[in-house]
Structure formats: structure tokens, C-alpha cells
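Below: the structure, in C-alpha cells.
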Amino acid sequence: MITLDTYKSDVECAWCPGCGNFGILQAVKRTLSELDIAPHQATMFTGIGQAPKLPHYMKINTFNGLHGREIAAAQGFRLVNLDQVVLVHGGEGGIYGEGGNHFVHAIRRNMDMTIVVHDNHIYGLTKGQASPTTERGEITSVNPRGVIADPLNPLALAISQSCSFVAQAYSADQEHTVQILKAAISHRGLSYVNLLQPCVTWDKHHTYTFFKTHTTKLGPGYDPRDRAAAMALVTDSDKLPLGVIYTNDRPAYDTYIDYKVTVDFGPEKMVKARQTLDRYR
Ligand SMILES: Cc1ncc(C[n+]2csc(CCOP(=O)(O)OP(=O)(O)O)c2C)c(N)n1
């Protein structure tokens, strides 16, 4: 049986006490164990930052590369490793900033993987510079008079490009985050989760109290297949919505590839790989 201890790592943790990443780490372990995915059956791609340290603190196959380049590496891997669950974890700096181009093109390709962005609204590792989601006017370590640019709306960007699964969760809500991550991994195609988290050291605005008062869970009456409603929700709502915001049935990239002719991938291995891909669905 796969328990939380199955993913245990002995690497000493460098996150600050109270960091939202602890909740995310626990939620990822719970998600994998509840989906019965063993450490050797999943590969996590990360770059540079506090969020990308996540796979150091758990047992899982890992590719730790350049800042903002985790999606590019994951896509290459995904193409020829159909029997792996592919996870990408990064900060919003790396994925929306340095890696913003990869994020956009990943949505277009719709490869079968899960991208989880630990959105703490700040560059954490490098000591508190403004990131793509830092709000206008916010004082940071290098913006003593406040940030001048407006923040990116990554959820609106993803919905506008028909990303096949768009969700938002909050690191301190463990049960809900597990539920969202399970749905994301179970989705066939690109799943994207904006995972809100406080940075207790560098962001004094997005605190635990802030998220408690500024988030709201989507109710059972919400229809995530209504793109216009999803877009209105992420652009007009005065609270940050938590839940599956938008989803569609665009076929995943690999469904168009004839692996039998593209790579040396005999029919038996092909059938097995497809079965593995469908195992968590
Ligand atoms: C191409 C490139 N640009 C900048 C850096 C420096 N750098 C490393 S981590 C980081 C910030 C990370 O912030 P984020 O991605 O939001 O993750 P967090 O640390 O907040 O989890 C920066 C600017 C780098 N290593 N490579």
C-alpha cells in the first residue's frame, strides 16, 4: 500500500516556518497516495525557486532544470514516456515570467500533464522582488514606492486560449487542494492549477488573513464548461475563486501521434502505455 511515508525524503528543508509550500507538499503526497501512484510512476519537473524545491522534499522521479524552463523539459519527456504521470511545479515568477512563453505554448499543445503554479505573488528565493502577479502599488524589496505595472491575469490568459483544465486552489485548504490536484491529474490533456500560497517572509499583503477573506469556493451550481462564465468569473469577481474554473474536451496532443511509426515503440508497449495513461481516469 502506498502511504505518505512512501514519498518520504531525508533532504533538510530550507523553507521558512509558515511557508505555504508545506501545505502544497503535503497535498501532493496525499494526492499521489490516494490515486495509488508510486514514486517511480511519476516524474516532477521543476526549475529554480522556493517552489521548485518541492521534489527535493519528497521521493519522486525528478528533473530539476533552469528557471522557467520546466515546461519545455516536461513536454519532451511526455512525448516519449507515456507510462509516467508528468507533473510540473514552479513559482509564478518562473512559469508566468521567465517561462511565460512555454506556458502559453503548452496550453496550445494540450499535452497530458499537470502544471501547478505556486502563486505567492513574489519572487521568493531571490528575496522579494515583484513577480508577474504582484499587484500595482505593492511595496517590495526593490519597489520602495510601489510596483508600477499591472499584474498578469494568468487564469484569464489560460481560459482565453481554451486550456483544457483550469483550476485554482489555496495551500492552506488541504482537503480542497487534494480534491483539485486529483481532478487535475485525472484530466486527459493539459491541466493547469494556480495554487495560491502566502509568502510569510517577503509578501506582507497576501497573508493567511488576506486569503481567508478574499477567496471563495465555487458552488455545485457552477458550470466549468461555460467559457464566457469562467472568463467573467476570473476578470470581474471581487473574490479569488477556488475550484475547477474551466474545462473542455480538447484531445490531448499524444492522441494525434502514431507512436508505431514515430518511434521504435512496438505495438505491445504501445497498448501498455495507453492503458497506463488511462489508469488514473
Ligand atoms: C533566467 C533566469 N532569470 C532569473 C534567475 C534568478 N532567479 C532564480 S529563482 C528566481 C525567483 C523565483 O521566484 P518564483 O519563480 O516566483 O518562485 P518562488 O521562489 O517564489 O517559489 C529568480 C529571479 C534565474 N536563475 N534564471
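Starting from 1 in every chain, residues are counted up; chains themselves are A, B, ... following the order of the C-alpha cells, and ligands are numbered from 1 as listed.
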
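For A:Pro154, the set of protein, DNA and RNA residues having any atom at most 10 Å away, when counting only C-alpha atoms and skipping those fewer than 5 positions along the same chain, is Glu92, Tyr96, Gly100, Phe103, Val104, Pro132, Thr133, Ile159, Ser160, Val166, Asn194 and Val234 of chain A.
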
How close does each residue of chain A get to ligand 1, giving the shortest atom pair and distance in Å to one decimal for every residue with an atom at most 6 Å away, counting only C-alpha atoms and all ligand atoms, sorted by chain and residue number, as a Markdown table?
```
| residue | atom | partner | partner_atom_place_in_ligand_line | distance |
| --- | --- | --- | --- | --- |
| A:Ile48 | CA | ligand 1 | 9 (S) | 4.7 |
| A:Gly49 | CA | ligand 1 | 19 (O) | 3.5 |
| A:Gln50 | CA | ligand 1 | 21 (O) | 3.7 |
| A:Ala51 | CA | ligand 1 | 21 (O) | 3.8 |
| A:His67 | CA | ligand 1 | 26 (N) | 4.7 |
| A:Gly91 | CA | ligand 1 | 17 (O) | 3.6 |
| A:Glu92 | CA | ligand 1 | 16 (O) | 4.5 |
| A:Gly93 | CA | ligand 1 | 16 (O) | 3.4 |
| A:Gly94 | CA | ligand 1 | 15 (O) | 3.7 |
| A:Glu98 | CA | ligand 1 | 1 (C) | 5.9 |
| A:Ile122 | CA | ligand 1 | 20 (O) | 5.5 |
| A:Tyr123 | CA | ligand 1 | 13 (O) | 3.6 |
| A:Gly124 | CA | ligand 1 | 20 (O) | 3.4 |
| A:Leu125 | CA | ligand 1 | 19 (O) | 3.8 |
| A:Thr126 | CA | ligand 1 | 11 (C) | 5.2 |
```

Restrict the selected residues to C-alpha atoms and save them as a PDB file, in the first residue's frame.
```
ATOM      1  CA  ILE A  48      14.700  27.387  -9.765  1.00  0.00           C
ATOM      2  CA  GLY A  49      12.985  28.992  -6.771  1.00  0.00           C
ATOM      3  CA  GLN A  50      11.436  28.026  -3.444  1.00  0.00           C
ATOM      4  CA  ALA A  51       8.510  26.219  -5.089  1.00  0.00           C
ATOM      5  CA  HIS A  67      14.399  28.807 -14.094  1.00  0.00           C
ATOM      6  CA  GLY A  91       6.659  29.593  -8.850  1.00  0.00           C
ATOM      7  CA  GLU A  92       4.580  32.189 -10.684  1.00  0.00           C
ATOM      8  CA  GLY A  93       7.837  34.055 -11.371  1.00  0.00           C
ATOM      9  CA  GLY A  94       9.349  31.131 -13.247  1.00  0.00           C
ATOM     10  CA  GLU A  98      10.832  33.710 -17.363  1.00  0.00           C
ATOM     11  CA  ILE A 122       6.539  37.489  -5.243  1.00  0.00           C
ATOM     12  CA  TYR A 123       9.969  36.218  -6.237  1.00  0.00           C
ATOM     13  CA  GLY A 124      10.621  34.277  -3.029  1.00  0.00           C
ATOM     14  CA  LEU A 125      14.053  32.687  -3.485  1.00  0.00           C
ATOM     15  CA  THR A 126      15.748  35.901  -4.632  1.00  0.00           C
TER      16      THR A 126
END
```

Checklist entry - Which one is closest to A:Thr216: A:Ala184, A:Met111, A:Leu79, A:Ala169? Count only C-alpha atoms. => result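 Of the candidates, the smallest distance to A:Thr216 is held by A:Ala169.
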
Item to check | A:Glu175 surroundings by only C-alpha atoms, 12 Å radius, close-in-sequence under 5 positions cut, as a ChimeraX atom specification | outcome: /A:23-24,26-28,30-31,169-170,180-182,243

Would you mind exporting the chosen residues as a short mmCIF file (atom, residue, chain, number, x, y, z; two decimals), in the first residue's frame, restricted to N, CA and C atoms?
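Result went into out22.cif, see below:
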```
data_model
loop_
_atom_site.label_atom_id
_atom_site.label_comp_id
_atom_site.auth_asym_id
_atom_site.auth_seq_id
_atom_site.Cartn_x
_atom_site.Cartn_y
_atom_site.Cartn_z
N GLY A 23 2.07 23.16 2.96
CA GLY A 23 0.72 22.63 2.69
C GLY A 23 0.65 21.99 1.32
N ILE A 24 1.37 22.60 0.36
CA ILE A 24 1.35 22.06 -1.01
C ILE A 24 2.06 20.71 -1.06
N GLN A 26 2.44 18.53 1.32
CA GLN A 26 1.58 17.53 1.95
C GLN A 26 0.42 17.14 1.01
N ALA A 27 -0.14 18.15 0.35
CA ALA A 27 -1.28 17.89 -0.54
C ALA A 27 -0.84 17.03 -1.74
N VAL A 28 0.37 17.28 -2.25
CA VAL A 28 0.86 16.48 -3.39
C VAL A 28 1.05 15.03 -2.96
N ARG A 30 -0.44 13.45 -0.53
CA ARG A 30 -1.75 12.84 -0.31
C ARG A 30 -2.43 12.50 -1.63
N THR A 31 -2.33 13.42 -2.58
CA THR A 31 -2.95 13.21 -3.90
C THR A 31 -2.39 11.95 -4.56
N ALA A 169 -6.60 26.79 -6.39
CA ALA A 169 -6.72 26.23 -5.04
C ALA A 169 -5.90 27.11 -4.10
N TYR A 170 -5.99 26.79 -2.80
CA TYR A 170 -5.29 27.59 -1.79
C TYR A 170 -4.56 26.64 -0.86
N ILE A 180 -8.67 19.13 -5.87
CA ILE A 180 -8.36 19.80 -7.15
C ILE A 180 -7.18 19.10 -7.85
N LEU A 181 -6.15 18.73 -7.08
CA LEU A 181 -4.99 18.07 -7.70
C LEU A 181 -5.39 16.70 -8.26
N LYS A 182 -6.27 16.01 -7.57
CA LYS A 182 -6.74 14.71 -8.08
C LYS A 182 -7.48 14.90 -9.40
N GLY A 243 -11.57 26.35 -7.11
CA GLY A 243 -12.29 25.22 -7.67
C GLY A 243 -11.87 25.01 -9.11
#
```

Item to check | Shortest interatomic distance to A:Ser131 - which of A:Leu196, A:Leu152, A:Gly146, A:Thr247, counting only C-alpha atoms | outcome: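 Among the listed residues, A:Leu152 lies closest to A:Ser131.
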
Checklist entry - Running DSSP on the backbone, which parts of stretch 43-190 of chain A land in helix (DSSP H, G or I), as a PyMOL selection string? => result chain A and resi 51-57+70-80+92-98+100-109+154-160+174-186

Item to check | Which of stretch 32-219 of chain A DSSP labels strand (DSSP E), written as a PyMOL selection string | outcome: chain A and resi 42-46+61-64+85-91+113-119+122-123+129-130+165-170+190-196+215-217

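Coordinates place atom CA of A:Glu70 at a distance of 23.9 Å from atom CA of A:Trp202.
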
Checklist entry - By how many Å are atom CA of A:Leu32 and atom CA of A:Asp254 apart? => result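 Value for the atom CA of A:Leu32-atom CA of A:Asp254 distance: 22.8 Å.
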
Checklist entry - So, counting only C-alpha atoms, which residue among A:Val88, A:Ala172, A:Ile245, A:Met58 is closest to A:Ile115? => result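 Looking only at the distances to A:Ile115, the closest residue turns out to be A:Val88.
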
Item to check | Residue nearest A:Ile60 among A:Leu87, A:Cys13, A:Val117, A:Ala252 (counting only C-alpha atoms) | outcome: A:Leu87

Item to check | Shell of 7 Å around A:His102, only C-alpha atoms, local chain residues under 4 positions omitted, as number ranges by chain | outcome: A: 71-72, 106

Checklist entry - Counting only C-alpha atoms, which of A:Ala183, A:Ala228, A:Leu190, A:Val200 gets nearest to A:Val244? => result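 Ranked by minimum distance to A:Val244, first place goes to A:Ala183.
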
Item to check | Proximity to A:Glu34 - best of A:Gln174, A:Met113, A:Lys127, A:Gln179, only C-alpha atoms | outcome: A:Gln179

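Reported to one decimal place, the separation of atom CA of A:Ala156 from atom CA of A:Gln197 is 19.0 Å.
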
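Residue neighbourhood of A:Phe63, excluding near-sequence residues (fewer than 2 positions): Thr43, Met44, Phe45, Thr46, Gly47, Pro55, Asn61, Gly65, Glu70, Ala73 and Ala74 of chain A, at 9 Å, using only C-alpha atoms.
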